[in-house]
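Visitor: Provided herewith is a single structure, encoded as structure tokens, for subsequent inquiry.
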Amino acid sequence: MKNILGKILLALGILIIGSCGTTSGNFEGINPDHITGEQLQRTGQSSVLGALQGLVPGLNVVRSGRNDYDATIRGIDSMMSPTTPLYIIDGVIVDSFDSLNIYDVDYVDVMKDASIYGSRGANGAIYVHTKRGPAKDKKGGVSVEYNFGTTIK
């Protein structure tokens, strides 16, 4: 075969192998809608999905309970199978964003074409990047002190 079939995505480090070589970094060929954590906080919502309502074209967010929200990207695609997008927090696929504090969100990427995740991303994906401490400025290391003494009588 002349071409490498498909693309392989490793969620950590995002390594994409395609027919033309290897790329790491941003999502290749995908234009996600980018929403900052400050934009989410200004909505006054406590839920990430609730705050995304009205900020992304094509994203429909509907309240399904007291604090529960259901999302669809580009409408309902199927009558039989679920139409919810793939939820991802820092590279880990999760069932919902219910336990996520909106003040921990650095930014959100909403991908209408999430084919890099295979059939699981057929309904799109919502990728949340959380805030992290200034790890770049810190230097790692371990300091160990040990005192040992013996008394002979």
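Labeling convention for the structure tokens: chains A, B, ... as they appear, residues from 1 per chain, ligands from 1 in order of appearance.
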Skip Asn60 in chain A itself and residues of its chain fewer than 2 positions away, then list as a PyMOL selection string all residues within 12 Å of it, counting only C-alpha atoms.

Guide: chain A and resi 49-58+62-63+69-76+83-85+110+112

Visitor: So the first atom is CA of Val105 in chain A and the second is CA of Ala125 in chain A; what is the distance between them in Å, to one decimal place?

Guide: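 If I compute the distance from CA of Val105 in chain A to CA of Ala125 in chain A, I get 16.1 Å.
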
Visitor: Give me the residues within 12 Å of Arg132 in chain A as an MDAnalysis selection string, counting only C-alpha atoms and dropping any in the same chain fewer than 6 places off.

Guide: chainID A and resid 90 103:107

Visitor: Quick one, how far is CA of Thr36 in chain A from CA of Val61 in chain A?

Guide: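 Those two atoms sit 17.8 Å apart.
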
Visitor: What does the distance between CA of Gly44 in chain A and CA of Ser96 in chain A come to in Å, to one decimal place?

Guide: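 Interatomic distance here is 19.7 Å.
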
Visitor: List as an MDAnalysis selection string the protein and nucleic acid residues near Ile126 in chain A, meaning an atom at most 8 Å away when only C-alpha atoms are counted, but skip any in the same chain fewer than 2 places from it.

Guide: chainID A and resid 85:88 108:111 124 128

Visitor: Here is a test: counting only C-alpha atoms, which residue of A:Leu100, A:Val48, A:Ile93, A:Val144 is nearest to Arg120 in chain A?

Guide: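 So, comparing all the options, the nearest one is A:Ile93.
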